[in-house]
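Raw contents of input20.cif, mmCIF, C-alpha atoms:
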data_work
loop_
_atom_site.group_PDB
_atom_site.id
_atom_site.type_symbol
_atom_site.label_atom_id
_atom_site.label_comp_id
_atom_site.auth_asym_id
_atom_site.auth_seq_id
_atom_site.Cartn_x
_atom_site.Cartn_y
_atom_site.Cartn_z
ATOM 1 C CA MET T 947 23.244 -22.550 15.931
ATOM 2 C CA ALA T 948 26.797 -23.806 16.406
ATOM 3 C CA ASP T 949 27.376 -24.264 12.666
ATOM 4 C CA LYS T 950 26.254 -20.669 12.028
ATOM 5 C CA ALA T 951 28.538 -19.219 14.719
ATOM 6 C CA PRO T 952 31.427 -18.276 12.355
ATOM 7 C CA ALA T 953 29.069 -16.373 10.013
ATOM 8 C CA LEU T 954 27.407 -14.669 12.987
ATOM 9 C CA ARG T 955 30.803 -13.594 14.350
ATOM 10 C CA ILE T 956 31.643 -12.030 10.977
ATOM 11 C CA ILE T 957 28.537 -9.835 10.894
ATOM 12 C CA VAL T 958 28.797 -8.903 14.587
ATOM 13 C CA ASN T 959 32.427 -7.877 13.973
ATOM 14 C CA SER T 960 31.284 -5.781 10.993
ATOM 15 C CA LEU T 961 28.787 -3.970 13.192
ATOM 16 C CA ARG T 962 31.498 -3.508 15.815
ATOM 17 C CA ASP T 963 33.874 -2.049 13.194
ATOM 18 C CA LEU T 964 31.144 0.290 11.960
ATOM 19 C CA VAL T 965 30.513 1.638 15.471
ATOM 20 C CA ASN T 966 34.238 1.969 16.165
ATOM 21 C CA ALA T 967 34.665 3.932 12.932
ATOM 22 C CA PHE T 968 32.378 6.603 14.366
ATOM 23 C CA VAL T 969 33.687 6.356 17.952
ATOM 24 C CA PRO T 970 37.323 5.182 17.633
ATOM 25 C CA SER T 971 37.861 5.059 21.399
ATOM 26 C CA GLY T 972 35.906 1.818 21.549
ATOM 27 C CA LYS T 973 33.849 3.089 24.469
ATOM 28 C CA ILE T 974 30.522 2.426 22.723
ATOM 29 C CA MET T 975 31.311 -1.251 22.216
ATOM 30 C CA GLN T 976 32.614 -1.440 25.769
ATOM 31 C CA ILE T 977 29.194 -0.229 26.952
ATOM 32 C CA VAL T 978 27.494 -2.738 24.621
ATOM 33 C CA ASP T 979 29.544 -5.636 26.008
ATOM 34 C CA GLN T 980 29.443 -4.692 29.664
ATOM 35 C CA LYS T 981 26.345 -2.593 30.218
ATOM 36 C CA LEU T 982 23.751 -3.316 27.540
ATOM 37 C CA PRO T 983 22.313 -6.516 29.070
ATOM 38 C CA GLY T 984 21.728 -4.698 32.358
ATOM 39 C CA LEU T 985 20.463 -1.521 30.706
ATOM 40 C CA LEU T 986 17.817 -3.339 28.729
ATOM 41 C CA GLY T 987 16.623 -5.286 31.749
ATOM 42 C CA ASN T 988 14.704 -8.516 31.430
ATOM 43 C CA PHE T 989 13.296 -9.364 28.021
ATOM 44 C CA PRO T 990 10.069 -11.368 27.997
ATOM 45 C CA GLY T 991 10.436 -15.131 27.710
ATOM 46 C CA PRO T 992 11.561 -17.020 25.791
ATOM 47 C CA PHE T 993 13.572 -14.298 24.033
ATOM 48 C CA GLU T 994 16.021 -13.501 26.832
ATOM 49 C CA GLU T 995 16.783 -17.170 27.430
ATOM 50 C CA GLU T 996 17.331 -17.758 23.711
ATOM 51 C CA MET T 997 19.732 -14.793 23.384
ATOM 52 C CA LYS T 998 21.702 -16.043 26.398
ATOM 53 C CA GLY T 999 21.847 -19.482 24.806
ATOM 54 C CA ILE T 1000 23.072 -18.047 21.491
ATOM 55 C CA ALA T 1001 25.786 -16.097 23.316
ATOM 56 C CA ALA T 1002 26.868 -19.226 25.185
ATOM 57 C CA VAL T 1003 27.023 -21.414 22.057
ATOM 58 C CA THR T 1004 28.777 -18.863 19.817
ATOM 59 C CA GLY T 1005 31.094 -17.294 22.379
ATOM 60 C CA ILE T 1006 29.867 -13.840 21.337
ATOM 61 C CA PRO T 1007 29.234 -11.433 24.255
ATOM 62 C CA LEU T 1008 25.571 -11.232 25.234
ATOM 63 C CA GLY T 1009 25.544 -7.461 24.728
ATOM 64 C CA GLU T 1010 26.556 -7.909 21.089
ATOM 65 C CA ILE T 1011 23.901 -10.587 20.558
ATOM 66 C CA ILE T 1012 21.324 -8.149 21.953
ATOM 67 C CA SER T 1013 22.578 -5.342 19.705
ATOM 68 C CA PHE T 1014 22.408 -7.711 16.702
ATOM 69 C CA ASN T 1015 18.737 -8.274 17.534
ATOM 70 C CA VAL T 1016 18.053 -4.581 18.141
ATOM 71 C CA PHE T 1017 19.405 -3.697 14.682
ATOM 72 C CA TYR T 1018 16.329 -5.254 13.096
ATOM 73 C CA GLU T 1019 14.170 -2.593 14.755
ATOM 74 C CA PHE T 1020 15.914 0.036 12.581
ATOM 75 C CA PHE T 1021 17.317 -1.227 9.273
ATOM 76 C CA THR T 1022 14.690 -3.483 7.649
ATOM 77 C CA ILE T 1023 13.711 -2.091 4.237
ATOM 78 C CA CYS T 1024 11.353 -4.465 2.448
ATOM 79 C CA THR T 1025 8.608 -5.006 -0.120
ATOM 80 C CA SER T 1026 5.548 -7.110 0.765
ATOM 81 C CA ILE T 1027 2.660 -8.167 -1.493
ATOM 82 C CA ILE T 1028 -0.619 -10.014 -0.884
ATOM 83 C CA THR T 1029 -2.748 -11.046 -3.872
ATOM 84 C CA GLU T 1030 -6.135 -12.688 -4.361
ATOM 85 C CA ASP T 1031 -7.011 -14.518 -7.577
ATOM 86 C CA LYS T 1032 -10.454 -14.857 -9.198
ATOM 87 C CA GLU T 1033 -11.235 -17.907 -7.041
ATOM 88 C CA GLY T 1034 -10.452 -16.073 -3.792
ATOM 89 C CA HIS T 1035 -7.095 -17.840 -3.326
ATOM 90 C CA LEU T 1036 -4.500 -15.745 -1.451
ATOM 91 C CA LEU T 1037 -0.739 -15.575 -2.006
ATOM 92 C CA HIS T 1038 1.807 -13.598 0.017
ATOM 93 C CA GLY T 1039 5.293 -12.614 -1.150
ATOM 94 C CA ARG T 1040 8.091 -10.492 0.234
ATOM 95 C CA ASN T 1041 11.606 -9.267 -0.477
ATOM 96 C CA MET T 1042 13.727 -8.936 2.651
ATOM 97 C CA ASP T 1043 16.043 -5.961 2.139
ATOM 98 C CA PHE T 1044 18.536 -5.209 4.872
ATOM 99 C CA GLY T 1045 21.833 -3.376 5.418
ATOM 100 C CA VAL T 1046 21.409 0.150 4.039
ATOM 101 C CA PHE T 1047 24.200 2.535 5.135
ATOM 102 C CA LEU T 1048 25.992 -0.337 6.871
ATOM 103 C CA GLY T 1049 29.054 -0.330 4.612
ATOM 104 C CA TRP T 1050 29.436 -0.461 0.819
ATOM 105 C CA ASN T 1051 31.994 -2.796 -0.787
ATOM 106 C CA ILE T 1052 33.458 -0.841 -3.724
ATOM 107 C CA ASN T 1053 35.218 -3.937 -5.070
ATOM 108 C CA ASN T 1054 32.039 -5.825 -5.979
ATOM 109 C CA ASN T 1055 29.322 -3.153 -5.607
ATOM 110 C CA THR T 1056 27.470 -4.762 -2.711
ATOM 111 C CA TRP T 1057 26.362 -3.830 0.784
ATOM 112 C CA VAL T 1058 28.684 -5.534 3.274
ATOM 113 C CA VAL T 1059 26.041 -6.539 5.815
ATOM 114 C CA THR T 1060 23.557 -7.641 3.118
ATOM 115 C CA GLU T 1061 26.076 -10.152 1.777
ATOM 116 C CA GLN T 1062 27.043 -11.311 5.258
ATOM 117 C CA LEU T 1063 23.394 -12.027 6.097
ATOM 118 C CA LYS T 1064 22.927 -14.473 3.232
ATOM 119 C CA PRO T 1065 24.820 -17.377 4.873
ATOM 120 C CA LEU T 1066 22.894 -16.641 8.088
ATOM 121 C CA THR T 1067 19.497 -17.009 6.372
ATOM 122 C CA VAL T 1068 17.549 -19.984 7.674
ATOM 123 C CA ASN T 1069 14.116 -21.545 7.173
ATOM 124 C CA LEU T 1070 12.618 -22.430 10.542
ATOM 125 C CA ASP T 1071 9.914 -24.944 11.439
ATOM 126 C CA PHE T 1072 8.554 -24.282 14.942
ATOM 127 C CA GLN T 1073 6.910 -27.414 16.283
ATOM 128 C CA ARG T 1074 4.883 -28.425 19.320
ATOM 129 C CA ASN T 1075 4.297 -32.130 20.008
ATOM 130 C CA ASN T 1076 5.972 -32.940 16.680
ATOM 131 C CA LYS T 1077 3.471 -30.782 14.751
ATOM 132 C CA THR T 1078 4.299 -27.578 12.902
ATOM 133 C CA VAL T 1079 2.976 -24.471 14.660
ATOM 134 C CA PHE T 1080 4.461 -22.007 12.174
ATOM 135 C CA LYS T 1081 7.235 -21.663 9.615
ATOM 136 C CA ALA T 1082 9.485 -18.646 9.182
ATOM 137 C CA SER T 1083 12.487 -17.283 7.334
ATOM 138 C CA SER T 1084 14.970 -15.477 9.516
ATOM 139 C CA PHE T 1085 18.638 -14.960 10.363
ATOM 140 C CA ALA T 1086 20.522 -17.236 12.721
ATOM 141 C CA GLY T 1087 21.065 -15.334 15.956
ATOM 142 C CA TYR T 1088 17.901 -13.250 15.651
ATOM 143 C CA VAL T 1089 15.127 -14.394 17.995
ATOM 144 C CA GLY T 1090 12.271 -12.290 16.614
ATOM 145 C CA MET T 1091 10.419 -13.057 13.368
ATOM 146 C CA LEU T 1092 9.905 -10.810 10.343
ATOM 147 C CA THR T 1093 8.494 -13.318 7.832
ATOM 148 C CA GLY T 1094 6.363 -16.392 8.450
ATOM 149 C CA PHE T 1095 3.071 -18.264 8.237
ATOM 150 C CA LYS T 1096 0.807 -20.631 10.120
ATOM 151 C CA PRO T 1097 -0.153 -23.338 7.603
ATOM 152 C CA GLY T 1098 -3.825 -23.177 6.756
ATOM 153 C CA LEU T 1099 -4.423 -20.040 8.832
ATOM 154 C CA LEU T 1100 -2.413 -16.861 8.225
ATOM 155 C CA SER T 1101 0.747 -15.275 6.819
ATOM 156 C CA LEU T 1102 2.635 -12.283 8.194
ATOM 157 C CA THR T 1103 5.494 -10.030 7.159
ATOM 158 C CA LEU T 1104 6.888 -6.927 8.821
ATOM 159 C CA ASN T 1105 8.293 -3.837 7.086
ATOM 160 C CA GLU T 1106 10.039 -0.928 8.751
ATOM 161 C CA ARG T 1107 8.170 2.391 8.839
ATOM 162 C CA PHE T 1108 10.261 5.545 8.844
ATOM 163 C CA SER T 1109 9.146 8.057 11.477
ATOM 164 C CA ILE T 1110 10.649 10.872 13.534
ATOM 165 C CA ASN T 1111 9.190 9.177 16.591
ATOM 166 C CA GLY T 1112 11.072 6.052 15.613
ATOM 167 C CA GLY T 1113 12.362 2.893 17.191
ATOM 168 C CA TYR T 1114 15.232 4.659 18.951
ATOM 169 C CA MET T 1115 12.643 6.432 21.126
ATOM 170 C CA GLY T 1116 11.115 3.106 22.086
ATOM 171 C CA VAL T 1117 14.524 1.659 22.974
ATOM 172 C CA ILE T 1118 15.341 4.726 25.103
ATOM 173 C CA GLU T 1119 12.019 4.380 26.929
ATOM 174 C CA TRP T 1120 12.736 0.674 27.476
ATOM 175 C CA ILE T 1121 16.171 1.454 28.930
ATOM 176 C CA LEU T 1122 14.614 4.082 31.217
ATOM 177 C CA GLY T 1123 12.229 1.481 32.590
ATOM 178 C CA LYS T 1124 9.041 1.982 30.571
ATOM 179 C CA LYS T 1125 8.420 -1.558 29.352
ATOM 180 C CA ASP T 1126 4.753 -1.460 28.315
ATOM 181 C CA ALA T 1127 5.504 -1.870 24.585
ATOM 182 C CA MET T 1128 6.593 -4.946 22.601
ATOM 183 C CA TRP T 1129 9.613 -5.301 20.351
ATOM 184 C CA ILE T 1130 8.250 -5.582 16.804
ATOM 185 C CA GLY T 1131 10.045 -8.825 15.992
ATOM 186 C CA PHE T 1132 8.743 -10.334 19.221
ATOM 187 C CA ILE T 1133 5.093 -9.436 18.610
ATOM 188 C CA THR T 1134 5.321 -10.887 15.102
ATOM 189 C CA ARG T 1135 6.682 -14.143 16.477
ATOM 190 C CA SER T 1136 4.037 -14.194 19.209
ATOM 191 C CA VAL T 1137 1.250 -13.773 16.643
ATOM 192 C CA LEU T 1138 2.675 -16.543 14.467
ATOM 193 C CA GLU T 1139 2.914 -18.844 17.462
ATOM 194 C CA ASN T 1140 -0.298 -18.111 19.317
ATOM 195 C CA SER T 1141 -2.975 -16.507 17.124
ATOM 196 C CA THR T 1142 -5.850 -18.781 16.156
ATOM 197 C CA SER T 1143 -7.463 -16.653 13.434
ATOM 198 C CA TYR T 1144 -6.832 -13.821 10.986
ATOM 199 C CA GLU T 1145 -9.132 -11.493 12.940
ATOM 200 C CA GLU T 1146 -7.415 -12.229 16.239
ATOM 201 C CA ALA T 1147 -4.015 -11.539 14.688
ATOM 202 C CA LYS T 1148 -5.267 -8.309 13.115
ATOM 203 C CA ASN T 1149 -6.657 -7.153 16.453
ATOM 204 C CA ILE T 1150 -3.353 -7.801 18.249
ATOM 205 C CA LEU T 1151 -1.241 -6.129 15.573
ATOM 206 C CA THR T 1152 -3.580 -3.137 15.472
ATOM 207 C CA LYS T 1153 -3.862 -2.468 19.194
ATOM 208 C CA THR T 1154 -0.657 -3.585 20.940
ATOM 209 C CA LYS T 1155 1.887 -0.872 21.832
ATOM 210 C CA ILE T 1156 5.171 -1.479 20.009
ATOM 211 C CA LEU T 1157 8.694 -0.111 20.359
ATOM 212 C CA ALA T 1158 9.124 0.965 16.730
ATOM 213 C CA PRO T 1159 6.766 2.174 13.985
ATOM 214 C CA ALA T 1160 6.065 -0.593 11.484
ATOM 215 C CA TYR T 1161 3.885 -1.997 8.740
ATOM 216 C CA PHE T 1162 2.337 -5.386 9.444
ATOM 217 C CA ILE T 1163 1.269 -7.144 6.245
ATOM 218 C CA LEU T 1164 -1.197 -9.842 7.249
ATOM 219 C CA GLY T 1165 -2.878 -12.493 5.108
ATOM 220 C CA GLY T 1166 -5.564 -15.041 5.989
ATOM 221 C CA ASN T 1167 -7.128 -18.046 4.303
ATOM 222 C CA LYS T 1168 -10.326 -16.655 2.741
ATOM 223 C CA THR T 1169 -11.391 -14.001 0.293
ATOM 224 C CA GLY T 1170 -10.751 -10.454 1.467
ATOM 225 C CA GLU T 1171 -8.412 -11.549 4.283
ATOM 226 C CA GLY T 1172 -5.388 -9.461 3.458
ATOM 227 C CA CYS T 1173 -4.334 -6.098 4.849
ATOM 228 C CA VAL T 1174 -1.563 -3.615 5.553
ATOM 229 C CA ILE T 1175 -1.625 -2.276 9.117
ATOM 230 C CA THR T 1176 0.211 1.049 9.369
ATOM 231 C CA ARG T 1177 1.453 1.464 12.928
ATOM 232 C CA ASP T 1178 2.763 4.270 15.039
ATOM 233 C CA ARG T 1179 4.375 3.119 18.251
ATOM 234 C CA LYS T 1180 1.179 3.565 20.254
ATOM 235 C CA GLN T 1181 -1.675 3.263 17.779
ATOM 236 C CA SER T 1182 -2.816 2.104 14.362
ATOM 237 C CA LEU T 1183 -2.996 4.838 11.733
ATOM 238 C CA ASP T 1184 -4.567 2.843 8.901
ATOM 239 C CA VAL T 1185 -5.761 -0.647 7.977
ATOM 240 C CA TYR T 1186 -5.868 -1.080 4.205
ATOM 241 C CA GLU T 1187 -7.577 -4.307 3.171
ATOM 242 C CA LEU T 1188 -8.154 -6.400 0.086
ATOM 243 C CA ASN T 1189 -11.559 -5.762 -1.468
ATOM 244 C CA PRO T 1190 -12.108 -7.892 -4.584
ATOM 245 C CA LYS T 1191 -15.609 -6.435 -5.096
ATOM 246 C CA GLN T 1192 -13.992 -3.044 -5.628
ATOM 247 C CA ASP T 1193 -11.276 -4.596 -7.825
ATOM 248 C CA ARG T 1194 -8.658 -4.264 -5.070
ATOM 249 C CA TRP T 1195 -7.163 -7.710 -5.596
ATOM 250 C CA TYR T 1196 -3.720 -6.912 -4.223
ATOM 251 C CA VAL T 1197 -1.988 -4.785 -1.595
ATOM 252 C CA VAL T 1198 1.626 -3.639 -1.910
ATOM 253 C CA GLN T 1199 3.680 -2.211 0.937
ATOM 254 C CA THR T 1200 7.245 -0.916 0.911
ATOM 255 C CA ASN T 1201 8.466 1.508 3.606
ATOM 256 C CA TYR T 1202 6.260 4.549 3.031
ATOM 257 C CA ASP T 1203 2.692 5.356 4.029
ATOM 258 C CA ARG T 1204 0.334 4.508 1.166
ATOM 259 C CA TRP T 1205 -1.232 7.997 1.220
ATOM 260 C CA LYS T 1206 2.169 9.646 0.731
ATOM 261 C CA SER T 1207 4.552 9.588 -2.208
ATOM 262 C CA PRO T 1208 7.613 7.414 -1.623
ATOM 263 C CA PHE T 1209 11.059 8.995 -1.470
ATOM 264 C CA PHE T 1210 11.971 9.712 -5.089
ATOM 265 C CA LEU T 1211 15.218 7.723 -4.833
ATOM 266 C CA ASP T 1212 13.411 4.706 -3.366
ATOM 267 C CA ASP T 1213 10.192 4.116 -5.281
ATOM 268 C CA ARG T 1214 9.644 0.358 -5.289
ATOM 269 C CA ARG T 1215 5.880 0.725 -4.896
ATOM 270 C CA THR T 1216 5.162 2.092 -8.388
ATOM 271 C CA PRO T 1217 7.055 -0.589 -10.375
ATOM 272 C CA ALA T 1218 5.595 -3.346 -8.171
ATOM 273 C CA LYS T 1219 2.044 -2.135 -8.823
ATOM 274 C CA MET T 1220 2.742 -1.699 -12.552
ATOM 275 C CA CYS T 1221 4.013 -5.277 -12.762
ATOM 276 C CA LEU T 1222 1.000 -6.645 -10.887
ATOM 277 C CA ASN T 1223 -1.398 -4.732 -13.136
ATOM 278 C CA GLN T 1224 0.378 -6.071 -16.218
ATOM 279 C CA THR T 1225 0.326 -9.609 -14.781
ATOM 280 C CA THR T 1226 -3.478 -9.379 -14.175
ATOM 281 C CA GLN T 1227 -5.482 -11.165 -11.515
ATOM 282 C CA GLU T 1228 -6.110 -14.152 -13.816
ATOM 283 C CA ASN T 1229 -2.394 -14.953 -14.066
ATOM 284 C CA ILE T 1230 -1.280 -14.511 -10.471
ATOM 285 C CA SER T 1231 0.838 -17.382 -9.102
ATOM 286 C CA PHE T 1232 4.041 -18.055 -7.168
ATOM 287 C CA ALA T 1233 5.964 -17.692 -10.435
ATOM 288 C CA THR T 1234 4.457 -14.340 -11.398
ATOM 289 C CA ILE T 1235 4.814 -12.890 -7.875
ATOM 290 C CA TYR T 1236 8.455 -14.014 -7.936
ATOM 291 C CA ASP T 1237 8.814 -12.173 -11.251
ATOM 292 C CA VAL T 1238 7.345 -9.009 -9.710
ATOM 293 C CA LEU T 1239 9.743 -9.266 -6.775
ATOM 294 C CA SER T 1240 12.613 -9.818 -9.253
ATOM 295 C CA THR T 1241 11.922 -6.579 -11.113
ATOM 296 C CA LYS T 1242 14.439 -3.801 -10.445
ATOM 297 C CA PRO T 1243 14.311 -1.727 -8.256
ATOM 298 C CA VAL T 1244 11.933 -3.990 -6.266
ATOM 299 C CA LEU T 1245 14.940 -6.313 -6.394
ATOM 300 C CA ASN T 1246 18.028 -4.319 -5.461
ATOM 301 C CA LYS T 1247 21.444 -4.600 -3.833
ATOM 302 C CA LEU T 1248 19.880 -4.736 -0.370
ATOM 303 C CA THR T 1249 17.718 -7.790 -1.138
ATOM 304 C CA VAL T 1250 18.805 -10.769 0.948
ATOM 305 C CA PHE T 1251 15.986 -13.191 0.159
ATOM 306 C CA THR T 1252 12.538 -13.575 -1.391
ATOM 307 C CA THR T 1253 9.794 -15.553 0.353
ATOM 308 C CA LEU T 1254 6.565 -16.893 -1.197
ATOM 309 C CA MET T 1255 3.698 -18.163 0.964
ATOM 310 C CA ASP T 1256 0.477 -20.007 0.161
ATOM 311 C CA VAL T 1257 -1.415 -20.460 3.419
ATOM 312 C CA THR T 1258 -4.200 -22.642 2.010
ATOM 313 C CA LYS T 1259 -1.819 -25.093 0.321
ATOM 314 C CA SER T 1260 0.727 -24.877 3.176
ATOM 315 C CA GLN T 1261 3.391 -24.000 0.614
ATOM 316 C CA TYR T 1262 6.391 -21.963 1.769
ATOM 317 C CA GLU T 1263 9.470 -21.134 -0.320
ATOM 318 C CA THR T 1264 12.484 -18.879 0.278
ATOM 319 C CA TYR T 1265 15.232 -17.979 -2.199
ATOM 320 C CA LEU T 1266 18.520 -16.188 -1.606
ATOM 321 C CA ARG T 1267 18.855 -13.329 -4.093
ATOM 322 C CA ASP T 1268 21.499 -11.473 -6.074
ATOM 323 C CA CYS T 1269 20.888 -8.389 -8.161
ATOM 324 C CA PRO T 1270 23.216 -8.368 -11.159
ATOM 325 C CA ASP T 1271 24.603 -5.052 -12.365
ATOM 326 C CA PRO T 1272 23.336 -2.631 -13.421
ATOM 327 C CA CYS T 1273 21.388 -2.636 -10.165
ATOM 328 C CA ILE T 1274 20.402 0.191 -7.844
ATOM 329 C CA GLY T 1275 21.833 0.221 -4.318
ATOM 330 C CA TRP T 1276 18.350 0.260 -2.715
#

Can you present the structure in this file as structure tokens?
Amino acid sequence: MADKAPALRIIVNSLRDLVNAFVPSGKIMQIVDQKLPGLLGNFPGPFEEEMKGIAAVTGIPLGEIISFNVFYEFFTICTSIITEDKEGHLLHGRNMDFGVFLGWNINNNTWVVTEQLKPLTVNLDFQRNNKTVFKASSFAGYVGMLTGFKPGLLSLTLNERFSINGGYMGVIEWILGKKDAMWIGFITRSVLENSTSYEEAKNILTKTKILAPAYFILGGNKTGEGCVITRDRKQSLDVYELNPKQDRWYVVQTNYDRWKSPFFLDDRRTPAKMCLNQTTQENISFATIYDVLSTKPVLNKLTVFTTLMDVTKSQYETYLRDCPDPCIGW
């Protein structure tokens, strides 16, 4: 963590500058530094201990480390795909898009925070007794997980779901003392660490109360084990699963409910599905999924990295991305 401290300070300072631009008095950041740790109360272990450790190593105030973690409950705009080939072999891919409305650099046509996250991107190997429990791609300083897999067992990605009853309501409830819901990045990490089967993971992700609406994209290790779980904060609204017998050999999830049309300025779903249909089930592979995730606007100025996962072969790859102009902002 120490070697990532300078990059983490840069992005935390950017977030500080953004807040101060709206409230020039600096009172908001004063509350963050002095009051936020107490307002949020005790996080479940090991997350609180890890955030305190990150603050100690980097010299960044604990309140700002907490706010850095909270940001991921609100600003994660992603594309996730699970495919099944003719032999029943599953692959899982995702573009991690982050940083919308958090500052646009007019000099090089990039999102400020998106670019600052790239040097913070890390591949993690969580081990117990010198054996891998799960692997993940994340950002140094963030203690939740948004992308990862348990080799041989399951893969999991998390996409933000826009809702009026959004994550800010969950955070307010948490501050006011109602702590019966889990932070979405924490539940994802818990599933990656502790779940022993696809069905167990699906049950947890479907039924556990969470602080923010989300889409959980979950893959397993056998035919038909792939689904998109559409979540409200308190309940599951839909579980859409692979069904090869009905020619549903892939699922695609961006940031809009599958039964609704995406926002017309942010339709990544349609081009992703068109590319998959043109690729065909016979030709699906890491390379062709990477191509789908490299197609604009699926790839856009918000894309920080692309991850490809093969649970059965225990293959996990992550690539930092750039979207050359002409490229849409999101």

Any chance you could tabulate, as JSON lines, the residues of region 1060-1114 of chain T at most 10 Å from region 1152-1165 of chain T with each one's nearest atom pair and distance in Å to one decimal, using only C-alpha atoms, in chain and rising number order?
{"residue": "T:Leu1092", "atom": "CA", "partner": "T:Phe1162", "partner_atom": "CA", "distance": 9.4}
{"residue": "T:Thr1093", "atom": "CA", "partner": "T:Ile1163", "partner_atom": "CA", "distance": 9.6}
{"residue": "T:Phe1095", "atom": "CA", "partner": "T:Gly1165", "partner_atom": "CA", "distance": 8.9}
{"residue": "T:Leu1099", "atom": "CA", "partner": "T:Gly1165", "partner_atom": "CA", "distance": 8.6}
{"residue": "T:Leu1100", "atom": "CA", "partner": "T:Gly1165", "partner_atom": "CA", "distance": 5.4}
{"residue": "T:Ser1101", "atom": "CA", "partner": "T:Gly1165", "partner_atom": "CA", "distance": 4.9}
{"residue": "T:Leu1102", "atom": "CA", "partner": "T:Leu1164", "partner_atom": "CA", "distance": 4.6}
{"residue": "T:Thr1103", "atom": "CA", "partner": "T:Ile1163", "partner_atom": "CA", "distance": 5.2}
{"residue": "T:Leu1104", "atom": "CA", "partner": "T:Phe1162", "partner_atom": "CA", "distance": 4.8}
{"residue": "T:Asn1105", "atom": "CA", "partner": "T:Tyr1161", "partner_atom": "CA", "distance": 5.1}
{"residue": "T:Glu1106", "atom": "CA", "partner": "T:Ala1160", "partner_atom": "CA", "distance": 4.8}
{"residue": "T:Arg1107", "atom": "CA", "partner": "T:Ala1160", "partner_atom": "CA", "distance": 4.5}
{"residue": "T:Phe1108", "atom": "CA", "partner": "T:Pro1159", "partner_atom": "CA", "distance": 7.1}
{"residue": "T:Ser1109", "atom": "CA", "partner": "T:Pro1159", "partner_atom": "CA", "distance": 6.8}
{"residue": "T:Ile1110", "atom": "CA", "partner": "T:Pro1159", "partner_atom": "CA", "distance": 9.5}
{"residue": "T:Asn1111", "atom": "CA", "partner": "T:Pro1159", "partner_atom": "CA", "distance": 7.9}
{"residue": "T:Gly1112", "atom": "CA", "partner": "T:Ala1158", "partner_atom": "CA", "distance": 5.6}
{"residue": "T:Gly1113", "atom": "CA", "partner": "T:Ala1158", "partner_atom": "CA", "distance": 3.8}
{"residue": "T:Tyr1114", "atom": "CA", "partner": "T:Ala1158", "partner_atom": "CA", "distance": 7.5}

Any chance you could export the current selection's C-alpha atoms as a compact mmCIF listing (two decimals), keeping the file's coordinate frame?
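Just written: part.txt:
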# COMPACT_ATOMS: atom_id res chain seq x y z
CA LEU T 1092 9.90 -10.81 10.34
CA THR T 1093 8.49 -13.32 7.83
CA PHE T 1095 3.07 -18.26 8.24
CA LEU T 1099 -4.42 -20.04 8.83
CA LEU T 1100 -2.41 -16.86 8.22
CA SER T 1101 0.75 -15.28 6.82
CA LEU T 1102 2.64 -12.28 8.19
CA THR T 1103 5.49 -10.03 7.16
CA LEU T 1104 6.89 -6.93 8.82
CA ASN T 1105 8.29 -3.84 7.09
CA GLU T 1106 10.04 -0.93 8.75
CA ARG T 1107 8.17 2.39 8.84
CA PHE T 1108 10.26 5.54 8.84
CA SER T 1109 9.15 8.06 11.48
CA ILE T 1110 10.65 10.87 13.53
CA ASN T 1111 9.19 9.18 16.59
CA GLY T 1112 11.07 6.05 15.61
CA GLY T 1113 12.36 2.89 17.19
CA TYR T 1114 15.23 4.66 18.95

Using the chain letters and numbers from the file, which residues does the PyMOL selection byres ((chain T and resi 1046) around 9) grab, as a compact mmCIF listing (two decimals) with C-alpha atoms, keeping the file's coordinate frame?
# COMPACT_ATOMS: atom_id res chain seq x y z
CA PHE T 1021 17.32 -1.23 9.27
CA THR T 1022 14.69 -3.48 7.65
CA ILE T 1023 13.71 -2.09 4.24
CA ASP T 1043 16.04 -5.96 2.14
CA PHE T 1044 18.54 -5.21 4.87
CA GLY T 1045 21.83 -3.38 5.42
CA PHE T 1047 24.20 2.54 5.14
CA LEU T 1048 25.99 -0.34 6.87
CA GLY T 1049 29.05 -0.33 4.61
CA TRP T 1050 29.44 -0.46 0.82
CA TRP T 1057 26.36 -3.83 0.78
CA VAL T 1059 26.04 -6.54 5.82
CA THR T 1060 23.56 -7.64 3.12
CA LEU T 1248 19.88 -4.74 -0.37
CA GLY T 1275 21.83 0.22 -4.32
CA TRP T 1276 18.35 0.26 -2.72

Next on the checklist: Could you list, as a PyMOL selection string, every residue matched by the PyMOL selection byres ((chain T and resi 1054) around 12) in this structure?
Outcome noted: chain T and resi 1050-1053+1055-1058+1061+1247+1268-1273+1275

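Between Trp1195 (chain T) and the residues T:Lys1219, T:Lys1064, T:Lys981, T:Arg1135, the shortest atom-to-atom distance, using only C-alpha atoms, involves T:Lys1219.
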
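Neighbouring residues of region 992-1003 of chain T at 10 Å or closer, counting all atoms listed in the file and skipping chain neighbours under 2 positions away, are Met947, Ala948, Asp949, Ala951, Pro983, Gly987, Asn988, Phe989, Pro990, Gly1005, Ile1006, Pro1007, Leu1008, Gly1009, Glu1010, Ile1011, Ile1012, Asn1015, Ala1086, Gly1087, Tyr1088, Val1089, Gly1090 and Phe1132 of chain T.
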
Contacts of Ser1260 (chain T) at 9 Å (all atoms listed in the file; same-chain gap of 2+ positions) as a short mmCIF file (atom, residue, chain, number, x, y, z; two decimals) with C-alpha atoms, in the coordinates of the input:
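The new file out.cif reads:
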data_model
loop_
_atom_site.label_atom_id
_atom_site.label_comp_id
_atom_site.auth_asym_id
_atom_site.auth_seq_id
_atom_site.Cartn_x
_atom_site.Cartn_y
_atom_site.Cartn_z
CA PHE T 1095 3.07 -18.26 8.24
CA LYS T 1096 0.81 -20.63 10.12
CA PRO T 1097 -0.15 -23.34 7.60
CA GLY T 1098 -3.82 -23.18 6.76
CA MET T 1255 3.70 -18.16 0.96
CA ASP T 1256 0.48 -20.01 0.16
CA VAL T 1257 -1.42 -20.46 3.42
CA THR T 1258 -4.20 -22.64 2.01
CA TYR T 1262 6.39 -21.96 1.77
#
